[in-house]
Protein chains: 2
Amino acid sequence: MNHYKSVFTDWTLRIIWTGVLLSGAVQAEETGQPLQEQARQLFQPLPESMATPEFPATADQVKLGRQLFFDPRLSSDGVVSCAICHRSALYGTDALPKAIGAEHRLNPRNAPTVLNAALQFKSHWIGDRANVEDQATKALTGHVSFGNANAAAVIQKIKVLGYAPGFTQAFPNDPEPIKPENWGKAIGAYERTLVTPSPFDAYLKGNAAALNPQAQNGLKLFIHQGCVSCHNGVNLGGSSFQKFGVFEDYWKQTGAKVIDEGRFAETKNPADKFFFKVPGLRNAAMTPPYFHDGSVATLAQAVRIMGKVQLNKDLTEEQVNDLVSFLSSLTGQLPENFATEPVLAPQGFSATAAP
Amino acid sequence: MNHYKSVFTDWTLRIIWTGVLLSGAVQAEETGQPLQEQARQLFQPLPESMATPEFPATADQVKLGRQLFFDPRLSSDGVVSCAICHRSALYGTDALPKAIGAEHRLNPRNAPTVLNAALQFKSHWIGDRANVEDQATKALTGHVSFGNANAAAVIQKIKVLGYAPGFTQAFPNDPEPIKPENWGKAIGAYERTLVTPSPFDAYLKGNAAALNPQAQNGLKLFIHQGCVSCHNGVNLGGSSFQKFGVFEDYWKQTGAKVIDEGRFAETKNPADKFFFKVPGLRNAAMTPPYFHDGSVATLAQAVRIMGKVQLNKDLTEEQVNDLVSFLSSLTGQLPENFATEPVLAPQGFSATAAP
């Protein structure tokens, strides 16, 4: 899929998009197909869990992963946990333009929300992580994330913190359960439970009143203006790489000072220059700032810029407001197991029973 | 109280402690007074709230304060919130020897738990903050805490984040509600709700079975060995300054590399050398590492050292285990409004209504 996309030229993409618009949205209007029907063909409601046969997210893995997710003691400075860049209070983000990791090191890009993230076809903005498990695994020893240079020392720390039984339970068939890969798998298992059903899901499931009239106008625009050509499916995105800045260099609109060449940094293929993973849009209203570099503060401005640089359209204020209203209908309920932190066993203390 | 304490010599303190032991604990044994009765004379169960006439902790203040407590966007680097040094998952601590603040700056001392902290007669290990409100207020512009050099800029940030109505509601009689003092008061109001009733409270209220036999042995030792002379009252401490290292320099036992002269740094009074606030012991089992510098990893070792340097006693393994069992009975339930993070309004986004 990835290589397949990268051989397209900008013009090919434009033609595809136009095709989508003509065949899908416009045809829909012609046949008088109701909006809700159109939406059901383009989007799907969230599943209850994001577990897969490869990543089954067993109860023991989820329990362990939730503890690890909130535990800062495994980072090199004892400050960084997954929950630092993916805070519950900030809907699974850190509200920073670019994430700050162990030893206060600056990450190259914005930390996207962890909510529904397991639905994506790749992880990271440039797709250099296969999935949420791979992302977590590499974060544990990443210089700008957890900052642990030495995997063996981390394994020792995991044992000192009393996690050994949890790993054995979570990975019963693994003769050597305590390793970075399983740390990542456990965290991934937990993340696969973080789904946030929203008013839009209720709408897709049949409740037409779940979207107010302004949000329904926004949905129409979202389909008919072309946003849907990349932002479709269950996560309204997260399923392809696309060039950011088809009609105009993105930084001329976002004001970014650093020009990030995107997926080219990973593949070194010139056709991938300025290609980024299309982000899923669920909970977008709750997760400013926007884009791979967090260069834009408001959702309205992000929508305006997308119209300009991706679709060559100057959206009116009313259109922008309607689109923002639709995007707000993607704000879901925070999962209880994410809003509430688990209590971690205190380090170095062997509990004697208090009743 | 503070000046009063500081004029005592070490020898005076030793005589007072001996007096407490003879008059309280030993007398109790002589009269055959039951343990539960003795405990009720020395300790009190937690109140439902730590509000006072001066700090009434109104519902509006608590609501605002809880949001501010979990909001990192007000720190100079956007990373530090109160909840970073006082994490829910770690029972209101950060599990670090010394706290790390904005821009990764090292604090001079260990961050104690925020739970029940408002019961203390002073805040900070050396008592240089009057109360939790004063602590929070000064943290907002503190170099090693929130790192904001400029109070005016912080006030602007508070407004940009949409907190203005919250401040007006929380401080209805204040013509200028948005100021660092009210930031501190709101956070203090929230903190005054963070009480953690424990098995020991149930015991004090009449349920003798709330402490198992080992914890009851520990309680006896706690009273009769002399711990209670400083660790008494509702918070088992937090009500006086005392010299750390009466019978032996503390660092010889803790292994601390930095010799902290304690309250002397604040008062410059030689009589205050090595004086620290006696910490409250509630939830001690959940909040390693121990002491003002976090130099000791386990509660058992902390108990052993306290016996040695404060009471000149070599506690046996059994005594240490019993004391740790008693201290574990001070572990309370995490307040629901602390275990669960509030959702913060996203910056720079004016919500359009989604149903």
# chains A, B, ... in the order shown; residues from 1 in each chain; ligands from 1
>>> interface_residues(of="chain B", to="chain A", cutoff="8 Å", atoms="only C-alpha atoms", output="ChimeraX atom specification")
/B:70-71,73,78-79,84,88-91,94-96,100,103-104,199,210-212,215,285-288,297-300,321,324-326,328-329,339-349,351-355
>>> select_by_dssp(residues="stretch 111-315 of chain B", states="alpha helix (DSSP H)", output="PyMOL selection string")
chain B and resi 132-140+151-160+164-170+180-191+199-204+213-224+250-254+264-267+299-311
>>> residues_around(residues="stretch 230-245 of chain B", least_positions_apart="4", cutoff="7 Å", atoms="only C-alpha atoms", output="ChimeraX atom specification")
/B:42-46,119-121,249-250,274-282,309-310
>>> atom_distance(atom1="atom CA of B:Ser81", atom2="atom CA of B:Thr196")
21.7 Å
>>> residues_around(residues="stretch 127-130 of chain A", least_positions_apart="3", cutoff="8 Å", atoms="only C-alpha atoms", output="ChimeraX atom specification")
/A:121-124,133-135,263,266,276-277
>>> closest_residue(among="A:Ala208, A:Ala202, A:Val195, A:Leu74", to="A:Lys157", atoms="only C-alpha atoms")
A:Leu74
>>> decode(residues="stretch 287-312 of chain B", atoms="N, CA, C and O atoms", output="JSON list (two decimals), in the first residue's frame")
[["chain", "number", "residue", "atom", "x", "y", "z"],
["B", 287, "THR", "N", 4.54, 5.54, 49.31],
["B", 287, "THR", "CA", 5.23, 6.73, 48.82],
["B", 287, "THR", "C", 6.75, 6.71, 48.99],
["B", 287, "THR", "O", 7.34, 7.68, 49.46],
["B", 288, "PRO", "N", 7.41, 5.61, 48.60],
["B", 288, "PRO", "CA", 8.87, 5.66, 48.58],
["B", 288, "PRO", "C", 9.35, 6.59, 47.47],
["B", 288, "PRO", "O", 8.56, 6.87, 46.55],
["B", 289, "PRO", "N", 10.58, 7.05, 47.44],
["B", 289, "PRO", "CA", 11.59, 6.86, 48.48],
["B", 289, "PRO", "C", 11.38, 7.83, 49.65],
["B", 289, "PRO", "O", 10.57, 8.74, 49.54],
["B", 290, "TYR", "N", 12.16, 7.64, 50.72],
["B", 290, "TYR", "CA", 11.87, 8.32, 51.98],
["B", 290, "TYR", "C", 12.88, 9.41, 52.36],
["B", 290, "TYR", "O", 13.98, 9.45, 51.87],
["B", 291, "PHE", "N", 12.40, 10.26, 53.25],
["B", 291, "PHE", "CA", 13.14, 11.40, 53.83],
["B", 291, "PHE", "C", 13.18, 12.59, 52.87],
["B", 291, "PHE", "O", 12.76, 12.49, 51.72],
["B", 292, "HIS", "N", 13.68, 13.69, 53.39],
["B", 292, "HIS", "CA", 13.66, 14.96, 52.65],
["B", 292, "HIS", "C", 14.41, 14.89, 51.33],
["B", 292, "HIS", "O", 14.18, 15.69, 50.43],
["B", 293, "ASP", "N", 15.34, 13.93, 51.24],
["B", 293, "ASP", "CA", 16.15, 13.82, 50.03],
["B", 293, "ASP", "C", 15.89, 12.52, 49.27],
["B", 293, "ASP", "O", 16.60, 12.20, 48.32],
["B", 294, "GLY", "N", 14.86, 11.78, 49.69],
["B", 294, "GLY", "CA", 14.54, 10.53, 49.02],
["B", 294, "GLY", "C", 15.71, 9.57, 48.98],
["B", 294, "GLY", "O", 15.88, 8.80, 48.03],
["B", 295, "SER", "N", 16.51, 9.58, 50.03],
["B", 295, "SER", "CA", 17.75, 8.80, 50.01],
["B", 295, "SER", "C", 17.56, 7.34, 50.39],
["B", 295, "SER", "O", 18.48, 6.54, 50.23],
["B", 296, "VAL", "N", 16.39, 6.98, 50.87],
["B", 296, "VAL", "CA", 16.17, 5.61, 51.35],
["B", 296, "VAL", "C", 14.99, 5.00, 50.59],
["B", 296, "VAL", "O", 13.92, 5.60, 50.51],
["B", 297, "ALA", "N", 15.20, 3.79, 50.05],
["B", 297, "ALA", "CA", 14.24, 3.23, 49.09],
["B", 297, "ALA", "C", 13.06, 2.52, 49.75],
["B", 297, "ALA", "O", 11.97, 2.49, 49.19],
["B", 298, "THR", "N", 13.28, 1.92, 50.91],
["B", 298, "THR", "CA", 12.20, 1.10, 51.47],
["B", 298, "THR", "C", 11.75, 1.63, 52.82],
["B", 298, "THR", "O", 12.53, 2.23, 53.57],
["B", 299, "LEU", "N", 10.49, 1.35, 53.12],
["B", 299, "LEU", "CA", 9.92, 1.79, 54.39],
["B", 299, "LEU", "C", 10.61, 1.10, 55.56],
["B", 299, "LEU", "O", 10.86, 1.72, 56.60],
["B", 300, "ALA", "N", 10.94, -0.19, 55.37],
["B", 300, "ALA", "CA", 11.61, -0.93, 56.44],
["B", 300, "ALA", "C", 12.94, -0.26, 56.81],
["B", 300, "ALA", "O", 13.25, -0.06, 57.99],
["B", 301, "GLN", "N", 13.69, 0.12, 55.80],
["B", 301, "GLN", "CA", 14.98, 0.77, 56.06],
["B", 301, "GLN", "C", 14.78, 2.14, 56.70],
["B", 301, "GLN", "O", 15.53, 2.54, 57.60],
["B", 302, "ALA", "N", 13.76, 2.84, 56.27],
["B", 302, "ALA", "CA", 13.46, 4.16, 56.85],
["B", 302, "ALA", "C", 13.12, 4.01, 58.33],
["B", 302, "ALA", "O", 13.58, 4.79, 59.18],
["B", 303, "VAL", "N", 12.33, 3.00, 58.67],
["B", 303, "VAL", "CA", 11.96, 2.74, 60.06],
["B", 303, "VAL", "C", 13.21, 2.43, 60.89],
["B", 303, "VAL", "O", 13.40, 2.96, 61.99],
["B", 304, "ARG", "N", 14.05, 1.57, 60.34],
["B", 304, "ARG", "CA", 15.29, 1.18, 61.02],
["B", 304, "ARG", "C", 16.15, 2.41, 61.32],
["B", 304, "ARG", "O", 16.65, 2.58, 62.44],
["B", 305, "ILE", "N", 16.27, 3.27, 60.30],
["B", 305, "ILE", "CA", 17.12, 4.47, 60.48],
["B", 305, "ILE", "C", 16.51, 5.42, 61.49],
["B", 305, "ILE", "O", 17.22, 6.00, 62.33],
["B", 306, "MET", "N", 15.19, 5.57, 61.46],
["B", 306, "MET", "CA", 14.56, 6.45, 62.44],
["B", 306, "MET", "C", 14.81, 5.96, 63.86],
["B", 306, "MET", "O", 15.09, 6.74, 64.77],
["B", 307, "GLY", "N", 14.70, 4.63, 64.05],
["B", 307, "GLY", "CA", 14.98, 4.06, 65.37],
["B", 307, "GLY", "C", 16.39, 4.42, 65.81],
["B", 307, "GLY", "O", 16.62, 4.84, 66.95],
["B", 308, "LYS", "N", 17.32, 4.30, 64.89],
["B", 308, "LYS", "CA", 18.73, 4.51, 65.21],
["B", 308, "LYS", "C", 19.03, 5.99, 65.51],
["B", 308, "LYS", "O", 19.55, 6.32, 66.58],
["B", 309, "VAL", "N", 18.72, 6.86, 64.56],
["B", 309, "VAL", "CA", 19.22, 8.25, 64.69],
["B", 309, "VAL", "C", 18.31, 9.13, 65.55],
["B", 309, "VAL", "O", 18.76, 10.15, 66.06],
["B", 310, "GLN", "N", 17.05, 8.75, 65.70],
["B", 310, "GLN", "CA", 16.14, 9.58, 66.51],
["B", 310, "GLN", "C", 15.98, 9.04, 67.92],
["B", 310, "GLN", "O", 15.75, 9.80, 68.86],
["B", 311, "LEU", "N", 16.05, 7.71, 68.07],
["B", 311, "LEU", "CA", 15.71, 7.10, 69.36],
["B", 311, "LEU", "C", 16.86, 6.29, 69.95],
["B", 311, "LEU", "O", 16.74, 5.74, 71.04],
["B", 312, "ASN", "N", 17.96, 6.21, 69.19],
["B", 312, "ASN", "CA", 19.13, 5.45, 69.65],
["B", 312, "ASN", "C", 18.79, 3.98, 69.92],
["B", 312, "ASN", "O", 19.25, 3.40, 70.88]]
